[in-house]
Each structure stands twice: as C-alpha cells, then as structure tokens.
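**Q** Pasting a structure here, questions to come.
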Amino acid sequence: MDQTLQKALDQLDQASAAVRLAVQNLATAPGTEAAGDAAHALSGGAIDPFVFRFAIFVLAIFVGYYVVWSVTPALHTPLMAVTNAISSVIVVGALLAVGISASGIATGFGFVALMLVSVNIFGGFLVTQRMLAMYKKKDK
Amino acid sequence: MDQTLQKALDQLDQASAAVRLAVQNLATAPGTEAAGDAAHALSGGAIDPFVFRFAIFVLAIFVGYYVVWSVTPALHTPLMAVTNAISSVIVVGALLAVGISASGIATGFGFVALMLVSVNIFGGFLVTQRMLAMYKKKDK
Amino acid sequence: MNANFASFLYLVSGILFILALRGLSHPTTSRQGNLYGMIGMGIAIATTLALAVPSAGGFGLIVLGLLIGGSVGAVTARRIAMTSMPQLVAAFHSLVGLAAVMVAAAAIYAPESFGIGTVADIHAQALIEMSLGVAIGAITFTGSVIAFLKLDGRMSGKPIMIGGRHFINIALGVALVVLIVLLVTTESKLVFWLIVAASLVLGVLLIIPIGGADMPVVVSMLNSYSGWAAAALGFTLGNLALIITGALVGSSGAILSYIMCKGMNRSFISVILGGFGGETAAATDDGIERTVKQGSADDAAYLMMNAQKVIIVPGYGMAVAQAQHALREMADKLKANGVDVKYAIHPVAGRMPGHMNVLLAEANVLYDEVFELEDINSEFAQADVAYVIGANDVTNPSARDDKSSPIYGMPILDVDKARTCLFVKRSLGSGYAGIDNTLFYKDGTMMLLGDAKKMTEEIVKAMDH
Amino acid sequence: MNANFASFLYLVSGILFILALRGLSHPTTSRQGNLYGMIGMGIAIATTLALAVPSAGGFGLIVLGLLIGGSVGAVTARRIAMTSMPQLVAAFHSLVGLAAVMVAAAAIYAPESFGIGTVADIHAQALIEMSLGVAIGAITFTGSVIAFLKLDGRMSGKPIMIGGRHFINIALGVALVVLIVLLVTTESKLVFWLIVAASLVLGVLLIIPIGGADMPVVVSMLNSYSGWAAAALGFTLGNLALIITGALVGSSGAILSYIMCKGMNRSFISVILGGFGGETAAATDDGIERTVKQGSADDAAYLMMNAQKVIIVPGYGMAVAQAQHALREMADKLKANGVDVKYAIHPVAGRMPGHMNVLLAEANVLYDEVFELEDINSEFAQADVAYVIGANDVTNPSARDDKSSPIYGMPILDVDKARTCLFVKRSLGSGYAGIDNTLFYKDGTMMLLGDAKKMTEEIVKAMDH
Ligand SMILES: NC(=O)c1ccc[n+]([C@@H]2O[C@H](COP(=O)([O-])OP(=O)(O)OC[C@H]3O[C@@H](n4cnc5c(N)ncnc54)[C@H](OP(=O)(O)O)[C@@H]3O)[C@@H](O)[C@H]2O)c1
Ligand SMILES: NC(=O)c1ccc[n+]([C@@H]2O[C@H](COP(=O)([O-])OP(=O)(O)OC[C@H]3O[C@@H](n4cnc5c(N)ncnc54)[C@H](OP(=O)(O)O)[C@@H]3O)[C@@H](O)[C@H]2O)c1
C-alpha cells in the first residue's frame, strides 16, 4: 500500500537476515567446542521456533483428543457448530492482509477472507448459543 | 574440568550475548515501523522462547489432567510409581553437570544427583513392571 | 504491542477455545463454554489489531468486512431451521476453506505483511506450510460445497461415480506434490494458482462419489480438514492461536467421523471410497408373504394412555416432518396422565451426531429425560410401549441377529423388547441403509403409517377424547 | 547433534511419557505403557549425551553413577514387599527432590555447562526459574523423608504440633521470596544455600503436623511438587522433556490427592493443616450396652460354602496381615464349590489409592473379578455373605446415615445390605478415622476376631472338613 513502508520492511528483513546468518555462522564456526554448542542449544537460544510450534501442535492434538471425547453425545451438533466458529480464528491472517498489506491485490484477498470468516464467527457462535439455550433441565 | 574449555565457553557466550543484544537493539530501534515490528513478531523471529515453553507447559498440564483422569483406579498405585520414575528425567541436568561441567564442585553435585536419580529410574520402572505383571485377566 | 505479549495473548485465546470445547462436556456448562469461545475470538482479533496497527483506510475496510460478514452470519444464525443444521455446518466449512485460500493468496502477494520474507524471496519453510494450508483449504472449500448441495437436496444424493476416479485422484495428488516443490523453488504465482485449481478439482472429485446419506461423515471429515488447514497457516504466521485451534478442530472432526462410523459399524475407508446409500433402495422382496398389523391414531392413544412406561425413539423421519413439537405435546399429555416417559437416542439417529438432541431441546424437552443408547437400552424390557417415530435402521434387529445383514454389528435400540412397538412412518420402505426392517412384521409391532407430525398430532387429539 | 533435532527428540521423549500414563487406562495396555516410559527415558538420556558429548572422564563418571544408582534401584524394586509401596514411593520422591537441588547447585557453580550464562553473570530469568525449582525440590526432599519415616513406622504417626507453626511457615515463606530476589540481584552462592536451607526446614515443618494416616495424601501432594520442581528446572534448561514431564507429574499428583480427599470426604486444606488421625482413637463409649455376635472359623466356612454369592471387601488390615494369598486360596475353594465370588474395592481402602488392587493382583486374583465401589455397590443386596477383611471405615454406615459423624458424606460400601456380614479384625477397635463402627453390633453381623491372615487360613482349613 505504501512504497516507503515496503522499502523499510525490505531493509529490515535483509538486515535481520544478515544478523541471523552471522549468529548461525558463529554457532557452527569450526573450533567451537561441542560443549559450547550444547550449552547454546540447551539454553534454547539456537532452537528454531518451528520445533516449539511443532511441540505445541502435537500437545494441542492430545488436548483436542481428550477434550472432544469428553463432550457429551447430546451436544455433538453444537460441538460441530462451535468448532466451526473457532476455526475462523484464521481471521488473524485476513486482518493482517487488510490492515497493513503493502499490495492492493493482497488487500483485496484479505478483504474477501475477512468477510467470509466474519460470517462464520458471528454465525457459528450465535447459532451455537441458540442451540445451547434450548437445552433445559428439570426443576428450573 | 578443563581450563581452556572454560575459556572458550566464556568467550563464546560473550560473543553470542553481544550478537543477541545487537539483534534486540535492531528490533527495538526507533524509526522501525510498527508494521515491521509486527511482521517480525508474527514470523516468530523476535519471540522469546520462554513464551513457547510456557505454552508447552500449559498444554502439557491440560494433557496431564486428562491423561491421569483416564487412568483406571485399579492402577493408581502403579501410576504413582511410574510418575515417580518419569520425573527422574531431571537426569538430563545431572548428565550435563557430570559430563561437560567446567567446575569440579559442580561435577560433584551432578554426580550425586545422577546417582540419586538412577535409583529412581531403575527402581521406579522396575517396580512398576513388577506390579503390572501381576495384573491378570481370566481366559489367558 | 510487544511481540512476546501478543504471543502470550494468542496462547490465552487458544486456551479459551480449549475451555469452550471443555464446556460442552455438560449442558449446564455449555453456555459458559460458548462464551469462552467468543472471548477467545475477541482476544485474537484485538491482539492482531494492536500488534499490527492498521492504517486508517485499512481499519475502515476491516470494520466494513466485519459488518458485512457479521450481519450475514447473524441473520443466518437466527433464521436457520434446526433441521437444517447439517447443511449450515457444511456451508460454514466451505467459507473457512475459501478464507484459508484467500489468506494464503494475500500472503503470497504481500509476504512482508506476514513477516515471512519479501516478494520473490519467501522463506522456503513458510512456502511449504502455506501450500499445505492452501491445498487443504481448497479441498475443504469445494468438498463442503458439494456436501452442502447434497444435504440441502439441491443436488441428487446419488453417488456420482466417474470412471477411473481413483486414478484421477492419485494423479492430482502427485501433481499437487510436484506443484508444491515447484512453488518452493520458483515461487511463481502461477504455480500457486495451479495448486489452488488442482485442489479445488480434487475436492469435488473426492466428495462426488459419496452418497448423500454419508454426507454427515464427510462434513465432519471436512471439519477436520479445515482445522489442519488453519494449523498449517498457523505455522506460516507463527501464530499460537491458529496452531492450537487448528489441532483442536482437526481432532474434533476426526473423532466425530470415527464415532459416526462406529455407530454405523462401517469403516471410514468404505465411507470415503463412496458409492453407498444413494436413494433409498426398495425393500428386498424374498417372496415370503408377511403380515403387518396396522393401527390408527386412536389405537395408539389408547395403548399409550394405559401404559405405565413409554419410551420414545426419534429418528430421521421426525426431523424431516418437524414433528418434535407435536411429540413434546404428546409426551406432556402422557405425563399428565401419570405415564413415565423417556426418550432414547441412538448415536447415529438422524443425519448428524446429536441431531435428535437439538431438535428435542428445541421443543423444550428437558435433557434429563433424554438418554443415550447404553443408558436406556436395558429399560425397553420393562416398557409397555416403544414409540418409534421416523426411526428405522437404528431399531433394525437384523443388525443384532442376522450375520449376513450389511449393518450387522451396529448397536441398536432394543425396541422389540418392549411389550408393544408403535412405528410411525409413511410406508413400509426402508431407511438410509436400504435394508428391510423385520420388526414391521413382528407380532408386538403396530405400524402407524403417515407423516410423523400429522400422526402425532392426531394421537394427541385422540388422547383428549 | 543438531540442537533442533535434540529438542525434537526431547519432545518425542515427553510424548512417550504421555503415552506411558495413557497406557495405565487399562491393565492390558499398562505394560506397553511402562515400556514407552522406559524408551522415553532412554531417548532423553541418549539425546543429552549426544548433544553434550562428555569427556572421557565425564563419561566414566556417568557410567559409574548410573551403575551405582541403578543397581540400588533395581535391587530395591525386586525386594520390596508390595505392602510397603507407600513408603517406597515416598522414599523415591525424596530422591527426586534432592536431585533437583543438586542439579540446581551444579548450575549455579557451572552455569556455562547449562547454557544459562557465566559464573556471576547468570540470566535473571534462569535464576528465578532455578530458585523456584530448588525451593520446591528441597521442600519435596525433607517432606518426603518425614512422610517416609511416618509411613514406615520409624517415626510416630502422631501429628507433631509445634506452637505458632503457621506463623513460622509464613515467615519462612516470606524469607524465601526475599532470598530469591536477593539471589537474582547478587547471585551470591551463600544466598542460594540459604534458600536451600529455608526450604528444607519448611518441608519438615509442613509435614510434621500431619498425622501418619494422612500421609498418602501428602505423598501424592509431594509427587505433584516434584513435578513442578522438574518443570521449573526444565524452564531453566530449556528442555522440553523436563517441562512436559513436570507438568504431567504435577497434574498427576494433584489429581490423586483430590481423589483421595474426595474418597474420604475431607477437604484438602483440612488435610494440609494437619492434626488429624494420629494413633487410633479409642472407641467412643456412649454407655449403651451393645451385644456383639462372635463367630468361629468353622461358622464362617459353613456360611460361605452354603452361599450363592460372596463379596470380599479387603481393607488396610489385609495389607498389614499380608492376608492376600490366604484370601485367594479361600476364594478358590469357594469357586470350586460353585459360589460366585467377587471383590469390592473402596477408592480409599488401604493406605494408598489402588493399594488393594496391587495386593490382590500379587495374589493372582484376576482383575476382572475386582470391582470398584460404583460398579458393585448395588450387588450387596443380592449377596449372601460380605466377607470384610481388615476393612473398617470404608464400611461404616454412619458415613451414610449419621449426619453428626466426622466421616459423614464419605461414600461407603453397603456391606450391611448383604444377608450376613463377616468382619475379620483383631478387636472391636476403630480404624484410621477413629470412629466406632455401628455395624459390629448389628444383627446380621458376625465378628471373626483375630489376625486377618490366620483367620482366613483357619477358614480355608475348616472348608476342607
Ligand atoms: N446421525 C448421524 O450422525 C448419521 C450419520 C451418517 C449416517 N447416518 C445414518 O442415518 C440412519 C439414521 O437412522 P434413523 O433410524 O434415524 O433413520 P432411517 O433409518 O434413515 O429411517 C428414517 C425413516 O423415517 C421415515 N420418514 C421419512 N420421512 C418421514 C416423515 N415425514 N414422516 C414419518 N416418517 C418419515 C422413513 O420411512 P418412510 O419413507 O416409510 O416414511 C425412514 O424409514 C442410520 O442408518 C445411520 O447410519 C446417521
Ligand atoms: N487408600 C487411600 O488412599 C487412603 C488415603 C488416606 C487415608 N485413607 C484412610 O484409610 C482408611 C482405609 O479404610 P480401611 O477400611 O481400609 O481401613 P481402616 O478403616 O483403617 O481399618 C483397618 C482395620 O483393619 C484392622 N486390622 C489391622 N491390622 C489387622 C490385622 N493384622 N488383621 C486383621 N485386622 C487388622 C484394624 O482393626 P483391629 O485393630 O481391630 O484389628 C482396623 O480397624 C479410610 O479411613 C481412609 O480414609 C486411605
């Protein structure tokens, strides 16, 4: 959207890439002792965030497995509606594209995504609420 | 344990600290646009590993909660024995202290820790195995 | 906003989503759970806006998008009939799938906004993650559209079997892998769109051969897919909320598919390979003359008013006829007369897991009168009347007794153990599985042929005499 | 080894530990689960050695340490009597607690080895995490030692109430916080050792006022603590296996404490505040003369041989008397005679959750003959004989009927509903809760006074006549 912004971004990225490369070179420089490597590794400084994300992903699958099995069968239809609603958290991507995108076409895509996903957010949570409000118990 | 090793380690650590400081300065330098910051943040490059570890910790508590509730009451005693055994994964700390420690006293502490924890590892898993081997079913 | 703090907030939002699903473990906590979900979504949105403060124009666009989409969603949510939930869920999934494609496209055209590199220099890892996300998203999109059309009756439920479709699917799959490799190496936008196109086609081809009645399993499977797509994009964006939510939704869909397949005693593979359960097959005619005892609304009213215990077994036909309100009225009359009334729900009654429960809840049936198969099955032996309304397969004793039956092994409600079994349906035709129900010809069975709603209303009237 | 790959392996090891606990959801999968646990531990150790390749000397030391500790552990595991499991677990926890302190000390003296900075320049965050780990570890250590001594009878089970102990505990807690702040700012080794000392004292003071019979709850709570200590050190070392395992163990201990408190209908707070359940209190004497029907082994043998259904209710006394083998023999005799024999286990029977199950399993009782409270409680009404061996509180009807009873609300086994109730114990004394059991004076009850093992053996002999 904004030429100067884009340039600034490019530069920032290149600079940080260079620094990162430097750090990497340092870490793998010959002559560095295994112990140093290990220490660095253990402190987590050198670990790719991907590993952490992957760990989070795997643990979340475990959590999902147990949480969903604990859902009572009587609420399986609301479950489908609410998981649908929460999967629209993909909205964060759409917001980035619309809000700070540097290209018009990307903004366009983002806007479409945002609209679609808003249907889901509002539709999903509201229809779930509507369903859940219907489940009643004796003595009330 | 080894003077040169310790020096090398010290130097490595100082160097990497300097680089890390540089990266940090860069990221928080005035004049960097919010978008740049955000972008960087979103890519995860600037995120402190602590946040990831904390996420992993929280999710693991959820997993633990569900996994332990799913343990059958008949096996609660083996459960206590086996959780005890797995908590000795703290052995990784002891191994570092003994294996690559740069100071004699730390090696000593590590060695004591290693011995204690080995009692647990072997004792815990074996006593669990002994217990579990006793649980039998009809028709086998 | 500080990036670490933002990540922390995304984690909070993920945790709130976990709590949202956890709330569904019981009706009393479920509304609270839904609220947690909304708060989680609010936090995710607010965090993103605070982290990447949009320009004024961008902000306007965002508000506009939220308003348009939000009002469409809100109106739909308010208007939709409870019987149309399967369609609605399918339609919503298609939106998530398409949105995933769009977000990925935006990321390809403006990678800087997402912090994944610059145009023509996107990190390879991000490209791989993204292309997985976009492919799964596109498959989810077209697949869900087909499922929606079939469920909504806008397309024939008949399985459409294209010759050599397995071959075509495999070819498309291989093409996708090649294209993804190409995208990582060349970063060409054309390749990106080719991936989208191939996945869209694949989505259609995968779902078209599956019969309309298997659509619920498909919808749940697509739910799972939309989760994995979200998780893949979560990796690209390094967003904890997306990763956690993706995993949750992915598990959820997979587990529900599994529950449905188990409830039907079919393998997931056989569902996916398709070709099962198109139009209702004609009842098999084995040449033996069999007699059916037919009854009237008056007979039914008399029987039930003089019973001590009545168990109501609703099925798909009740949903089609929208008979839940009439049914509640009937139950009220019976209870006023001192009859013990309970509802028995089979795990795959209707066309969606929990479908019957929602409909009964809509008609103000209290959920502590509604029981699951395992909890009530032993009570049929003590019941005077089993009132089977629009259910069929889930009561078919051949699933229990006849090893040669295609549904053999599927757990059923033992309505045949009740003293009298009243069957409300329009004909002696079979249900979704296309299998004749031997129960119709049993001594203790009385058929009440007619529309479920009309018949129940007539019974209510007859009770007043 | 590449640091990323190592982290991945640590994750795998964490996942294997999850699967280990998951395996315990059923006896058939439990052995597999234990195997997963061992593999996980092996991976964690191998990864660490590959990541931080030790010097030859270091490697020698490691092997030596593993050998010494491992053989002590293996011998203990082989020799220990199943009745001593509570003590064993307490003793093992103390080792983990002390090891956590030692690892933290090593990290303070050689921070470079752990990648947390250099001597006198350790990262503040690492220091905070570490001091939390060391404090919790030290509390776990001394707390577990006290629990072990009380459980093993080497120290009186009587609660030792020191005047103003709540005040001292709070003061120690405040001191700990101050010391941790000091440690972060000065990084003084003296402060570190002061933290250790304060925590060691706190561990003693926290556990000493708790009665011996409450020790199982304490052991489980300390189990939880050792988990949190491991997790805290996991943060310091950035080790995924430690973080995940710590969280698992932490949850596990907390949940088991909760289950025990619920099984006893007591609040966790009241257990922790201590002063309950020292020596067995004398039976309350309300002045009313009550008659007790006493029987002999011959009476018991006759009654049971002529019964159709016998339910055996084991309790703490069975464990003390080591009567499980004799009991199995008796059950075999009965079954050979066509009697239906089942075992009913109360959630807090014995002195540890699942304690009775292990003992019965040791005596080769098949686990599908052993039932939990909810699953068997309704069957007592159809049983001819309830054979209560060394159990007391878990059968006391005052928990069900007498609102003024201190154990009112605790779920009990309804042995009083059986036609005859045989009570094997040494006296008319009370059990752990120190409450008189009104069941002893009931018509349908026959007391078999004597040691559980001897009495059961005599009954077996009498059956042969
Ligand atoms: N719930 C799920 O998640 C799910 C998922 C996938 C598949 N399925 C399958 O769906 C089936 C569900 O079993 P079900 O017993 O509920 O239904 P069903 O076996 O499909 O039987 C429904 C019956 O309702 C009758 N009916 C239709 N419209 C009616 C109306 N307006 N008034 C009165 N009766 C009407 C039909 O008979 P007439 O034509 O004679 O009226 C039909 O026999 C199972 O086979 C299950 O495997 C369920
Ligand atoms: N399982 C857990 O996790 C756990 C945890 C914390 C607390 N507790 C508490 O422990 C108690 C467990 O209940 P329980 O019914 O199993 O045990 P109990 O109420 O403590 O009674 C045990 C009985 O066994 C008798 N006994 C002792 N030694 C014997 C011997 N050698 N031969 C025969 N009888 C003998 C004793 O009576 P005599 O002295 O007359 O022989 C005593 O009355 C509950 O109060 C529970 O709250 C359990």
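Residues in the structure tokens are named by chain (A, B, ... in the order shown) and by number from 1 within that chain; ligands are numbered from 1 in the order shown.
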With only C-alpha atoms and all ligand atoms counted, collect every polymer residue having an atom within 6 Å of ligand 2; state the result as number ranges by chain.
**A** D: 213-214, 216-217, 260, 264, 315-317, 320-321, 348-353, 390-394, 424-433, 451-452
**Q** Using DSSP on the backbone, list every residue of region 18-255 of chain D that comes out as alpha helix (DSSP H), and give them as an MDAnalysis selection string.
**A** chainID D and resid 18:23 27:51 56:79 85:109 111:114 124:151 165:186 189:207 215:237 240:255
**Q** Residues within 9 Å of Gly444 (chain D), please, as a PyMOL selection string. Count only C-alpha atoms; anything in the same chain fewer than 2 positions from it doesn't count.
**A** chain D and resi 293+416+418-422+439+441-442+446
**Q** Counting only C-alpha atoms, which residues in chain C sit no more than 8 Å from chain B? For each one, give the nearest pair of atoms and the distance in Å, sorted by chain then residue number, as JSON lines.
**A**
```
{"residue": "C:Ala3", "atom": "CA", "partner": "B:Ala41", "partner_atom": "CA", "distance": 5.0}
{"residue": "C:Asn4", "atom": "CA", "partner": "B:Ile47", "partner_atom": "CA", "distance": 5.3}
{"residue": "C:Ser7", "atom": "CA", "partner": "B:Val51", "partner_atom": "CA", "distance": 7.0}
{"residue": "C:Phe8", "atom": "CA", "partner": "B:Val51", "partner_atom": "CA", "distance": 6.4}
{"residue": "C:Leu11", "atom": "CA", "partner": "B:Ala55", "partner_atom": "CA", "distance": 6.5}
{"residue": "C:Leu51", "atom": "CA", "partner": "B:Ala38", "partner_atom": "CA", "distance": 5.6}
{"residue": "C:Ala52", "atom": "CA", "partner": "B:Ala38", "partner_atom": "CA", "distance": 5.2}
{"residue": "C:Val53", "atom": "CA", "partner": "B:Ala34", "partner_atom": "CA", "distance": 7.0}
{"residue": "C:Glu112", "atom": "CA", "partner": "B:Ala39", "partner_atom": "CA", "distance": 6.6}
{"residue": "C:Ser113", "atom": "CA", "partner": "B:Ala39", "partner_atom": "CA", "distance": 5.7}
{"residue": "C:Phe114", "atom": "CA", "partner": "B:Ala39", "partner_atom": "CA", "distance": 5.3}
{"residue": "C:Gly115", "atom": "CA", "partner": "B:Ala39", "partner_atom": "CA", "distance": 3.9}
{"residue": "C:Ile116", "atom": "CA", "partner": "B:Ser43", "partner_atom": "CA", "distance": 5.9}
{"residue": "C:Thr236", "atom": "CA", "partner": "B:Ser43", "partner_atom": "CA", "distance": 7.4}
{"residue": "C:Leu237", "atom": "CA", "partner": "B:Leu42", "partner_atom": "CA", "distance": 5.7}
{"residue": "C:Gly238", "atom": "CA", "partner": "B:Ser43", "partner_atom": "CA", "distance": 5.4}
{"residue": "C:Asn239", "atom": "CA", "partner": "B:Leu42", "partner_atom": "CA", "distance": 6.7}
```
**Q** So, with only C-alpha atoms as the atoms that count, which of B:Val89, B:Met134, B:Ala97, B:Leu116 lies closest to chain A?
**A**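 Under the stated criterion, the closest residue is B:Ala97.
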**Q** Among region 277-424 of chain D, which residues does DSSP mark as strand (DSSP E) when it is run on the backbone? Keep the chain and numbering as in the structure and answer as a PyMOL selection string.
**A** chain D and resi 309-314+340-345+370-372+385-389+420-424
**Q** Need to verify the contact set: Ala74 (chain B), 10 Å, only C-alpha atoms, exclusion of same-chain residues closer than 4 positions in sequence. Can you return it as a PyMOL selection string?
**A** (chain B and resi 78-79+135) or (chain D and resi 24-27+345+347+353-358+361+367+370-372)
**Q** Need the shell around Ser103 (chain B): protein/DNA/RNA residues with any atom at most 8 Å away, counting only C-alpha atoms. Skip same-chain ones fewer than 3 positions apart. Format as a PyMOL selection string?
**A** (chain B and resi 1+106-107) or (chain D and resi 109-110)
**Q** Taking 6 positions as the minimum chain separation for residues in the same chain, which residues sit within 8 Å of Asn265 (chain C) when counting only C-alpha atoms? Answer as a PDB file with C-alpha atoms, in the first residue's frame.
**A**
```
ATOM      1  CA  ILE C 407     -25.443 -53.445   9.098  1.00  0.00           C
ATOM      2  CA  TYR C 408     -24.666 -56.498  11.244  1.00  0.00           C
ATOM      3  CA  GLY C 409     -22.772 -55.433  14.366  1.00  0.00           C
ATOM      4  CA  MET C 410     -24.178 -51.916  14.536  1.00  0.00           C
ATOM      5  CA  PRO C 411     -25.533 -51.390  18.047  1.00  0.00           C
TER       6      PRO C 411
END
```
**Q** Counting only C-alpha atoms and all ligand atoms, figure out which residue out of C:Ile168, C:Leu19, C:Val415, C:Ile389 gets nearest to ligand 1.
**A**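 The shortest atom-to-atom distance to ligand 1 comes from C:Ile389.
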**Q** What does the structure give for the distance between CA of Ala60 (chain A) and atom 48 (C, counted along the ligand's line) of ligand 1, in Å to one decimal?
**A** 28.6 Å
**Q** Contacts of Gly40 (chain D) at 10 Å or less, counting only C-alpha atoms, minus same-chain residues fewer than 3 places along, as a compact mmCIF listing (two decimals) with all heavy atoms, in the first residue's frame?
**A**
```txt
# COMPACT_ATOMS: atom_id res chain seq x y z
N ILE B 86 9.20 -41.32 35.88
CA ILE B 86 9.44 -40.39 34.76
C ILE B 86 9.89 -39.02 35.26
O ILE B 86 10.54 -38.29 34.53
CB ILE B 86 8.22 -40.26 33.81
CG1 ILE B 86 7.04 -39.59 34.47
CG2 ILE B 86 7.84 -41.59 33.22
CD1 ILE B 86 5.90 -39.34 33.50
N VAL B 89 13.48 -37.68 34.81
CA VAL B 89 14.04 -37.18 33.56
C VAL B 89 14.92 -35.97 33.88
O VAL B 89 15.70 -35.49 33.04
CB VAL B 89 12.92 -36.82 32.54
CG1 VAL B 89 12.13 -35.64 32.95
CG2 VAL B 89 13.49 -36.63 31.16
N LEU D 9 13.86 -34.55 19.74
CA LEU D 9 13.94 -35.83 20.46
C LEU D 9 13.42 -35.69 21.88
O LEU D 9 12.77 -36.59 22.41
CB LEU D 9 15.37 -36.35 20.46
CG LEU D 9 15.85 -36.90 19.13
CD1 LEU D 9 17.28 -37.40 19.24
CD2 LEU D 9 14.94 -38.04 18.66
N TYR D 10 13.71 -34.55 22.51
CA TYR D 10 13.18 -34.34 23.86
C TYR D 10 11.65 -34.31 23.81
O TYR D 10 10.97 -34.83 24.70
CB TYR D 10 13.71 -33.03 24.45
CG TYR D 10 15.13 -33.12 24.96
CD1 TYR D 10 16.08 -32.19 24.61
CD2 TYR D 10 15.50 -34.15 25.81
CE1 TYR D 10 17.38 -32.26 25.08
CE2 TYR D 10 16.81 -34.24 26.29
CZ TYR D 10 17.74 -33.30 25.91
OH TYR D 10 19.02 -33.39 26.38
N LEU D 11 11.12 -33.70 22.75
CA LEU D 11 9.66 -33.70 22.59
C LEU D 11 9.15 -35.14 22.47
O LEU D 11 8.16 -35.52 23.13
CB LEU D 11 9.27 -32.90 21.34
CG LEU D 11 7.80 -32.98 20.94
CD1 LEU D 11 6.91 -32.38 22.00
CD2 LEU D 11 7.57 -32.27 19.61
N VAL D 12 9.85 -35.93 21.65
CA VAL D 12 9.43 -37.33 21.50
C VAL D 12 9.43 -38.03 22.85
O VAL D 12 8.49 -38.75 23.20
CB VAL D 12 10.38 -38.06 20.53
CG1 VAL D 12 10.12 -39.56 20.54
CG2 VAL D 12 10.20 -37.52 19.12
N SER D 13 10.46 -37.75 23.63
CA SER D 13 10.53 -38.40 24.94
C SER D 13 9.35 -37.95 25.82
O SER D 13 8.72 -38.77 26.49
CB SER D 13 11.90 -38.10 25.52
OG SER D 13 11.87 -37.84 26.86
N GLY D 14 9.00 -36.65 25.76
CA GLY D 14 7.84 -36.18 26.51
C GLY D 14 6.56 -36.87 26.07
O GLY D 14 5.73 -37.29 26.89
N ILE D 15 6.42 -37.03 24.75
CA ILE D 15 5.22 -37.69 24.22
C ILE D 15 5.17 -39.14 24.69
O ILE D 15 4.10 -39.67 25.03
CB ILE D 15 5.22 -37.63 22.68
CG1 ILE D 15 5.21 -36.18 22.18
CG2 ILE D 15 4.04 -38.39 22.10
CD1 ILE D 15 3.98 -35.41 22.51
N LEU D 16 6.33 -39.79 24.71
CA LEU D 16 6.35 -41.17 25.17
C LEU D 16 5.91 -41.27 26.63
O LEU D 16 5.24 -42.23 27.02
CB LEU D 16 7.75 -41.78 24.99
CG LEU D 16 8.06 -42.17 23.54
CD1 LEU D 16 9.54 -42.48 23.37
CD2 LEU D 16 7.24 -43.40 23.14
N PHE D 17 6.27 -40.28 27.42
CA PHE D 17 5.82 -40.29 28.82
C PHE D 17 4.30 -40.12 28.88
O PHE D 17 3.63 -40.76 29.71
CB PHE D 17 6.51 -39.19 29.62
CG PHE D 17 7.98 -39.43 29.82
CD1 PHE D 17 8.87 -38.39 29.93
CD2 PHE D 17 8.48 -40.73 29.90
CE1 PHE D 17 10.23 -38.61 30.11
CE2 PHE D 17 9.84 -40.97 30.08
CZ PHE D 17 10.71 -39.90 30.18
N ILE D 18 3.76 -39.28 28.02
CA ILE D 18 2.30 -39.14 27.98
C ILE D 18 1.68 -40.50 27.66
O ILE D 18 0.73 -40.95 28.30
CB ILE D 18 1.88 -38.10 26.93
CG1 ILE D 18 2.35 -36.70 27.34
CG2 ILE D 18 0.37 -38.11 26.72
CD1 ILE D 18 2.05 -35.63 26.32
N LEU D 19 2.26 -41.16 26.65
CA LEU D 19 1.72 -42.47 26.26
C LEU D 19 1.88 -43.48 27.39
O LEU D 19 1.05 -44.39 27.54
CB LEU D 19 2.41 -42.97 24.99
CG LEU D 19 2.15 -42.11 23.75
CD1 LEU D 19 2.91 -42.66 22.56
CD2 LEU D 19 0.66 -42.05 23.44
N ALA D 20 2.93 -43.32 28.19
CA ALA D 20 3.13 -44.24 29.31
C ALA D 20 1.96 -44.12 30.29
O ALA D 20 1.38 -45.12 30.71
CB ALA D 20 4.44 -43.93 30.01
N ASN D 34 4.35 -48.80 30.31
CA ASN D 34 5.58 -48.74 31.10
C ASN D 34 6.80 -48.82 30.18
O ASN D 34 7.78 -48.12 30.37
CB ASN D 34 5.58 -49.89 32.11
CG ASN D 34 6.59 -49.67 33.22
OD1 ASN D 34 6.76 -48.55 33.69
ND2 ASN D 34 7.26 -50.73 33.62
N LEU D 35 6.66 -49.65 29.15
CA LEU D 35 7.75 -49.77 28.18
C LEU D 35 7.99 -48.43 27.47
O LEU D 35 9.13 -47.99 27.31
CB LEU D 35 7.37 -50.84 27.15
CG LEU D 35 8.49 -51.27 26.22
CD1 LEU D 35 9.57 -51.98 27.01
CD2 LEU D 35 7.96 -52.20 25.14
N TYR D 36 6.90 -47.77 27.08
CA TYR D 36 7.04 -46.44 26.46
C TYR D 36 7.81 -45.52 27.38
O TYR D 36 8.67 -44.75 26.95
CB TYR D 36 5.67 -45.82 26.17
CG TYR D 36 4.95 -46.40 24.99
CD1 TYR D 36 3.56 -46.52 24.99
CD2 TYR D 36 5.64 -46.80 23.85
CE1 TYR D 36 2.88 -47.03 23.91
CE2 TYR D 36 4.97 -47.32 22.77
CZ TYR D 36 3.58 -47.44 22.80
OH TYR D 36 2.91 -47.96 21.73
N GLY D 37 7.47 -45.60 28.68
CA GLY D 37 8.15 -44.75 29.64
C GLY D 37 9.65 -45.01 29.64
O GLY D 37 10.46 -44.08 29.60
N ILE D 43 15.64 -42.32 25.51
CA ILE D 43 15.85 -41.28 24.49
C ILE D 43 16.37 -40.00 25.13
O ILE D 43 17.30 -39.36 24.62
CB ILE D 43 14.54 -41.03 23.72
CG1 ILE D 43 14.19 -42.24 22.86
CG2 ILE D 43 14.67 -39.79 22.85
CD1 ILE D 43 12.92 -42.09 22.08
N ALA D 44 15.78 -39.63 26.27
CA ALA D 44 16.21 -38.39 26.92
C ALA D 44 17.68 -38.47 27.30
O ALA D 44 18.46 -37.53 27.07
CB ALA D 44 15.36 -38.12 28.15
N ILE D 45 18.09 -39.63 27.85
CA ILE D 45 19.49 -39.77 28.27
C ILE D 45 20.42 -39.78 27.06
O ILE D 45 21.40 -39.04 26.99
CB ILE D 45 19.67 -41.07 29.10
CG1 ILE D 45 18.90 -40.94 30.43
CG2 ILE D 45 21.14 -41.35 29.36
CD1 ILE D 45 18.96 -42.18 31.30
N ALA D 46 20.06 -40.58 26.05
CA ALA D 46 20.92 -40.68 24.86
C ALA D 46 21.05 -39.33 24.18
O ALA D 46 22.13 -38.94 23.74
CB ALA D 46 20.34 -41.72 23.91
N ALA D 241 11.51 -32.06 27.34
CA ALA D 241 11.13 -33.29 28.05
C ALA D 241 10.84 -32.97 29.51
O ALA D 241 9.87 -33.46 30.08
CB ALA D 241 12.26 -34.32 27.94
```
**Q** Just checking: using only C-alpha atoms, which residue out of B:Ala113, B:Leu96, B:Met131, B:Val71 ends up closest to chain A?
**A**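 Closest to chain A of all the choices is B:Leu96.
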**Q** Could you please determine the separation between CA of Ala381 (chain C) and atom 31 (N, counted along the ligand's line) of ligand 1 in Å, to one decimal place?
**A**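 Taking CA of Ala381 (chain C) and atom 31 (N, counted along the ligand's line) of ligand 1, their separation equals 28.2 Å.
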**Q** Compare A:Leu132, A:Val98, A:Ala85, A:Met80 by their minimum atom-to-atom distance to ligand 1, counting only C-alpha atoms and all ligand atoms, and give me the closest one.
**A**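 Once distances to ligand 1 are computed over only C-alpha atoms and all ligand atoms, the minimum belongs to A:Met80.
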**Q** Between C:His166, C:Arg22, C:Arg31, C:Lys262, which one has atoms that come closest to ligand 1, using only C-alpha atoms and all ligand atoms?
**A**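 With only C-alpha atoms and all ligand atoms as the atom set, the closest residue is C:Lys262.
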